[in-house]
$ cat run-v4.txt   # compact mmCIF, C-alpha atoms
# COMPACT_ATOMS: atom_id res chain seq x y z
CA MET A 8 62.23 16.57 56.91
CA ALA A 9 63.42 16.72 53.33
CA ALA A 10 62.68 13.02 52.91
CA THR A 11 59.16 13.48 54.26
CA LEU A 12 58.51 16.40 51.89
CA ALA A 13 59.78 14.37 48.95
CA ALA A 14 57.44 11.50 49.88
CA VAL A 15 54.45 13.85 50.09
CA LEU A 16 55.23 15.39 46.70
CA ALA A 17 55.63 11.96 45.15
CA MET A 18 52.26 10.89 46.57
CA ARG A 19 50.59 14.01 45.18
CA GLY A 20 52.16 13.32 41.79
CA ARG A 21 50.73 9.80 41.75
CA ILE A 22 47.28 11.14 42.69
CA VAL A 23 47.41 13.75 39.91
CA ILE A 24 48.44 11.09 37.38
CA ALA A 25 45.65 8.79 38.54
CA VAL A 26 43.06 11.58 38.27
CA LEU A 27 44.30 12.51 34.80
CA ALA A 28 44.16 8.88 33.73
CA THR A 29 40.58 8.57 35.02
CA LEU A 30 39.54 11.73 33.19
CA ALA A 31 41.21 10.49 30.02
CA CYS A 32 39.32 7.20 30.18
CA ALA A 33 36.04 8.99 30.80
CA GLY A 34 36.70 11.30 27.88
CA ALA A 35 37.53 8.39 25.62
CA ALA A 36 34.32 6.61 26.65
CA ALA A 37 32.27 9.72 25.97
CA ALA A 38 33.94 10.19 22.62
CA SER A 39 33.29 6.56 21.77
CA ALA A 40 29.62 6.93 22.71
CA GLY A 41 29.37 10.09 20.67
CA THR A 42 30.83 8.41 17.61
CA GLU A 43 28.97 5.09 17.97
CA ALA A 44 28.44 3.56 14.53
CA LYS A 45 25.06 4.28 13.00
CA PRO A 46 23.17 1.40 11.35
CA THR A 47 23.98 0.97 7.67
CA ALA A 48 21.41 -1.75 6.92
CA PHE A 49 18.09 -3.09 8.18
CA ASN A 50 16.08 -6.29 8.20
CA VAL A 51 12.71 -5.13 6.91
CA ARG A 52 9.29 -6.71 7.48
CA VAL A 53 6.14 -5.46 5.75
CA THR A 54 2.44 -6.18 6.26
CA SER A 55 -0.34 -4.45 4.32
CA SER A 56 -4.06 -4.49 3.67
CA PHE A 57 -6.03 -3.08 0.73
CA VAL A 58 -9.83 -3.03 0.52
CA ARG A 59 -11.73 -1.60 -2.45
CA HIS A 60 -15.49 -1.51 -2.92
CA HIS A 61 -16.48 -0.43 -6.41
CA VAL A 62 -19.99 0.51 -7.53
CA THR A 63 -21.11 1.43 -11.04
CA HIS A 64 -24.80 2.23 -11.62
CA VAL A 65 -25.35 3.94 -14.95
CA VAL A 66 -28.94 3.72 -16.21
CA ARG A 67 -30.23 5.36 -19.39
CA LYS A 68 -33.70 6.82 -19.59
CA LYS A 69 -36.41 4.64 -21.14
CA ASP A 70 -36.39 4.41 -24.91
CA GLU A 71 -39.41 4.03 -27.21
CA THR A 72 -39.80 0.37 -26.15
CA GLY A 73 -40.13 1.37 -22.51
CA CYS A 74 -36.82 -0.35 -21.60
CA ARG A 75 -33.66 1.05 -20.04
CA LEU A 76 -30.05 0.08 -20.66
CA ARG A 77 -28.13 -0.57 -17.45
CA ASN A 78 -24.45 -0.78 -16.56
CA ASP A 79 -24.33 -2.33 -13.07
CA ILE A 80 -21.13 -3.48 -11.35
CA ASP A 81 -20.82 -4.03 -7.61
CA THR A 82 -17.61 -5.69 -6.43
CA ARG A 83 -15.41 -5.84 -3.34
CA GLN A 84 -11.70 -6.74 -3.34
CA THR A 85 -9.51 -7.43 -0.29
CA ILE A 86 -5.76 -7.95 -0.70
CA LYS A 87 -3.44 -8.75 2.20
CA ALA A 88 0.28 -8.74 1.40
CA SER A 89 3.40 -9.25 3.52
CA THR A 90 7.05 -10.29 3.37
CA ARG A 91 7.72 -14.02 3.70
CA GLU A 92 10.82 -13.27 5.78
CA PRO A 93 12.86 -10.19 6.66
CA VAL A 94 14.42 -8.49 3.65
CA ARG A 95 17.83 -6.84 4.06
CA MET A 96 17.93 -3.24 2.83
CA THR A 97 20.83 -0.84 3.07
CA LEU A 98 20.34 2.62 4.53
CA GLY A 99 20.89 4.10 1.08
CA GLU A 100 18.17 1.90 -0.42
CA VAL A 101 15.68 2.95 2.25
CA LEU A 102 16.51 6.63 1.78
CA ARG A 103 16.15 6.36 -2.00
CA GLY A 104 12.68 4.78 -1.86
CA GLY A 105 13.52 1.08 -1.77
CA LYS A 106 12.19 0.21 -5.22
CA ASN A 107 12.58 -3.23 -6.82
CA ILE A 108 13.75 -4.90 -3.58
CA VAL A 109 10.85 -6.25 -1.49
CA GLY A 110 8.61 -8.97 -2.91
CA LEU A 111 5.30 -9.69 -1.17
CA ARG A 112 3.27 -12.84 -0.75
CA ALA A 113 -0.39 -11.94 -1.13
CA SER A 114 -3.92 -13.29 -0.79
CA GLU A 115 -7.02 -11.85 -2.41
CA LYS A 116 -10.72 -12.30 -1.69
CA ARG A 117 -13.11 -11.00 -4.32
CA THR A 118 -16.90 -10.85 -4.62
CA GLY A 119 -19.15 -9.12 -7.10
CA THR A 120 -21.91 -8.89 -9.68
CA TYR A 121 -21.76 -7.61 -13.26
CA TRP A 122 -24.60 -6.74 -15.67
CA ILE A 123 -24.39 -4.64 -18.83
CA GLY A 124 -27.46 -4.53 -21.05
CA TRP A 125 -31.22 -4.14 -20.98
CA GLU A 126 -32.65 -4.22 -17.48
CA GLU A 127 -34.35 -7.36 -16.24
CA GLY A 128 -37.93 -7.73 -17.48
CA CYS A 129 -37.26 -5.98 -20.79
CA PRO A 130 -38.57 -8.11 -23.73
CA LEU A 131 -35.54 -7.09 -25.80
CA LEU A 132 -33.39 -9.41 -23.65
CA ALA A 133 -34.79 -12.35 -25.61
CA THR A 134 -32.79 -11.31 -28.68
CA GLN A 135 -30.22 -9.02 -27.07
CA PRO A 136 -29.01 -10.77 -23.91
CA ALA A 137 -27.13 -8.78 -21.30
CA GLU A 138 -23.37 -9.15 -20.86
CA ARG A 139 -22.83 -11.15 -17.68
CA SER A 140 -19.29 -11.58 -16.39
CA THR A 141 -18.15 -14.92 -14.99
CA THR A 142 -18.54 -15.07 -11.20
CA THR A 143 -18.09 -18.80 -10.53
CA GLY A 144 -14.82 -18.14 -8.70
CA CYS A 145 -16.02 -15.15 -6.69
CA GLY A 146 -16.15 -15.56 -2.91
CA ALA A 147 -12.96 -17.60 -2.72
CA THR A 148 -9.56 -16.49 -1.40
CA LYS A 149 -6.63 -16.92 -3.80
CA SER A 150 -2.88 -16.65 -3.22
CA PHE A 151 -0.40 -14.94 -5.51
CA TYR A 152 2.92 -13.08 -5.41
CA ILE A 153 3.62 -9.38 -5.94
CA SER A 154 6.96 -9.05 -7.69
CA ASN A 155 9.62 -6.81 -6.17
CA SER A 156 9.70 -5.02 -9.54
CA LEU A 157 6.33 -3.48 -8.58
CA THR A 158 7.10 -2.40 -5.00
CA GLY A 159 8.71 0.44 -3.08
CA VAL A 160 9.46 0.47 0.66
CA GLY A 161 11.23 3.57 1.95
CA PHE A 162 11.20 7.34 1.68
CA ALA A 163 9.26 9.25 -0.97
CA GLY A 164 10.91 12.56 -0.16
CA ALA A 165 12.46 14.02 2.98
CA GLY A 166 10.80 12.62 6.11
CA LYS A 167 8.01 10.86 4.14
CA PHE A 168 8.06 7.09 4.59
CA ARG A 169 5.71 4.96 2.48
CA VAL A 170 4.88 1.54 1.09
CA MET A 171 3.61 1.16 -2.48
CA TYR A 172 3.07 -1.37 -5.21
CA ALA A 173 1.58 -0.82 -8.64
CA GLY A 174 1.33 -2.70 -11.92
CA GLY A 175 -0.09 -5.88 -13.35
CA GLU A 176 0.17 -9.50 -12.20
CA PRO A 177 -1.51 -12.69 -13.46
CA ASP A 178 -5.04 -12.75 -12.03
CA PRO A 179 -5.15 -15.40 -9.25
CA PHE A 180 -8.83 -15.96 -10.15
CA GLY A 181 -8.00 -16.60 -13.79
CA LEU A 182 -11.16 -15.85 -15.76
CA ARG A 183 -13.59 -16.86 -13.01
CA CYS A 184 -14.37 -13.62 -11.15
CA LEU A 185 -15.13 -10.42 -13.10
CA PRO A 186 -12.06 -10.64 -15.38
CA GLU A 187 -13.38 -7.83 -17.61
CA PHE A 188 -13.41 -5.40 -14.70
CA TYR A 189 -10.19 -6.37 -12.90
CA GLY A 190 -8.08 -6.87 -16.01
CA GLY A 191 -8.54 -3.27 -17.12
CA GLU A 192 -6.15 -2.14 -19.81
CA ALA A 193 -3.95 -5.18 -19.18
CA GLY A 194 -6.73 -7.41 -20.53
CA LEU A 195 -8.32 -10.69 -19.48
CA GLY A 196 -6.24 -12.88 -17.19
CA ALA A 197 -4.47 -10.00 -15.43
CA VAL A 198 -5.19 -7.99 -12.31
CA ILE A 199 -4.19 -4.35 -12.04
CA LEU A 200 -2.72 -3.44 -8.63
CA GLY A 201 -2.61 0.05 -7.15
CA PHE A 202 -1.43 0.52 -3.55
CA PRO A 203 -2.24 3.22 -2.60
CA PRO A 204 -5.00 4.01 -5.13
CA ALA A 205 -3.71 5.97 -8.12
CA ALA A 206 -6.46 8.57 -7.60
CA TRP A 207 -4.93 9.46 -4.20
CA GLN A 208 -1.68 10.53 -5.83
CA HIS A 209 -2.89 13.28 -8.16
CA GLY A 210 -5.80 15.48 -9.11
CA ALA A 211 -8.79 16.50 -6.99
CA ASN A 212 -8.55 13.38 -4.80
CA LYS A 213 -4.85 13.74 -4.01
CA ARG A 214 -4.12 13.08 -0.34
CA ARG A 215 -1.37 12.07 2.05
CA TRP A 216 -0.48 8.37 1.81
CA TRP A 217 2.81 8.37 3.72
CA THR A 218 3.78 8.81 7.39
CA PRO A 219 6.46 11.10 8.90
CA LEU A 220 9.76 9.47 9.90
CA SER A 221 12.83 11.45 10.93
CA ARG A 222 16.33 10.34 10.01
CA PRO A 223 17.55 10.56 13.65
CA LYS A 224 14.84 8.09 14.70
CA LEU A 225 15.73 5.75 11.85
CA LEU A 226 19.40 5.89 12.89
CA SER A 227 18.76 5.46 16.64
CA GLY A 228 20.17 1.92 16.55
CA LYS A 229 16.87 0.47 17.80
CA PRO A 230 14.11 -1.32 15.86
CA VAL A 231 11.72 1.19 14.29
CA VAL A 232 8.05 0.44 13.57
CA VAL A 233 6.29 2.69 11.04
CA ARG A 234 2.53 2.53 10.41
CA TRP A 235 -0.08 4.20 8.24
CA LYS A 236 -3.83 3.78 7.74
CA GLY A 237 -6.21 5.73 5.55
CA SER A 238 -9.65 5.55 3.96
CA GLY A 239 -11.56 7.59 1.42
CA THR A 240 -14.07 7.67 -1.41
CA VAL A 241 -13.34 8.54 -5.02
CA SER A 242 -16.46 9.37 -7.03
CA VAL A 243 -16.61 10.54 -10.64
CA PRO A 244 -19.54 11.10 -13.02
CA GLY A 245 -20.67 7.88 -14.68
CA THR A 246 -21.49 9.77 -17.87
CA LEU A 247 -20.74 13.10 -19.52
CA ASN A 248 -24.40 13.54 -20.47
CA PRO A 249 -26.42 13.19 -17.24
CA ALA A 250 -29.59 14.55 -18.89
CA GLY A 251 -30.00 11.27 -20.75
CA TYR A 252 -29.70 9.09 -17.66
CA ASP A 253 -31.78 8.20 -14.62
CA GLU A 254 -28.74 7.07 -12.60
CA SER A 255 -25.06 7.97 -12.96
CA VAL A 256 -22.83 6.55 -10.21
CA TYR A 257 -19.19 5.50 -10.46
CA ARG A 258 -17.64 5.24 -7.00
CA ASP A 259 -14.75 3.56 -5.18
CA ASP A 260 -14.43 3.27 -1.39
CA TYR A 261 -10.95 2.43 -0.13
CA LEU A 262 -9.43 1.28 3.17
CA VAL A 263 -5.63 0.98 3.07
CA SER A 264 -3.06 0.23 5.80
CA TRP A 265 0.51 -0.93 6.20
CA THR A 266 3.13 -1.60 8.89
CA VAL A 267 6.91 -1.74 8.39
CA THR A 268 9.44 -2.90 10.99
CA LEU A 269 13.09 -1.93 10.39
CA THR A 270 15.58 -3.77 12.60
CA PRO A 271 19.24 -2.62 12.40
CA THR A 272 21.66 -5.23 11.09
CA LYS A 273 25.13 -5.42 9.60
$ encode --input "run-v4.txt" --output "structure tokens"
Amino acid sequence: MAATLAAVLAMRGRIVIAVLATLACAGAAAASAGTEAKPTAFNVRVTSSFVRHHVTHVVRKKDETGCRLRNDIDTRQTIKASTREPVRMTLGEVLRGGKNIVGLRASEKRTGTYWIGWEEGCPLLATQPAERSTTTGCGATKSFYISNSLTGVGFAGAGKFRVMYAGGEPDPFGLRCLPEFYGGEAGLGAVILGFPPAAWQHGANKRRWWTPLSRPKLLSGKPVVVRWKGSGTVSVPGTLNPAGYDESVYRDDYLVSWTVTLTPTK
């Protein structure tokens, strides 16, 4: 009887130990899952598109000769830019805005017309010809590279993910497609880049140009795809003295989009 009781107690002891061991393993697994390492770096891919249609029509009233001075520019610019291959970025770099890291290969198509001077048909053109920009290269698609010193891929504040590039690069069209207009303050032979448009970032035309992204989603351990697309018109007076003009239009229509894929890596 005593031997039987001892055997039963021993069996119960082994069962209790086994149950405790099972619970311990389960707890350890749960703890491991709860403390699973968060990603500390990402392979980043970027694609983007920028379309700008600019129109200037500024026409003075007729003078004593019956002629009008015109400032007419109508041009469309399309830039597509993307990473050649995934770019490794640390979590800290993404959270701090990711500036000066991601270079972009780009292609640009540009069309346009440019006329500054007396309107066609005015006899004064014989001695005072209009300024006509070079357009022999317009209509083509040219390749160039956007330096990483001009870009930012990451957060622009808490929960606000964005892509941007801004600054000057050598004009892929050289001097063969409206260099006076696209060179801007940088001068002939350059192209001024602004993604998103500078006018969207301040003043009366300020608007959202980022997309929400939470930190928990970024740290989920899975690839994250972030997208944004926007369009808008920026129009300003073509002259400060509209009474002296028949037309006064200075307008830009924009269509901007980007996609970023962040894949966790070591």
$ residues_around --input "run-v4.txt" --residues "A:Arg59" --least-positions-apart "2" --cutoff "12 Å" --atoms "all atoms listed in the file" --output "PyMOL selection string"
chain A and resi 56-57+61-62+81-87+115-119+189+200-204+238-241+258-263
$ atom_distance --input "run-v4.txt" --atom1 "atom CA of A:Arg183" --atom2 "atom CA of A:Thr54"
27.2 Å
$ closest_residue --input "run-v4.txt" --among "A:Tyr252, A:Phe162, A:Phe168, A:Trp235" --to "A:Lys69" --atoms "all atoms listed in the file"
A:Tyr252
$ closest_residue --input "run-v4.txt" --among "A:Ile199, A:Leu102, A:Ile80, A:Ala113" --to "A:Gly164" --atoms "only C-alpha atoms"
A:Leu102
$ atom_distance --input "run-v4.txt" --atom1 "atom CA of A:Leu131" --atom2 "atom CA of A:Thr63"
22.3 Å
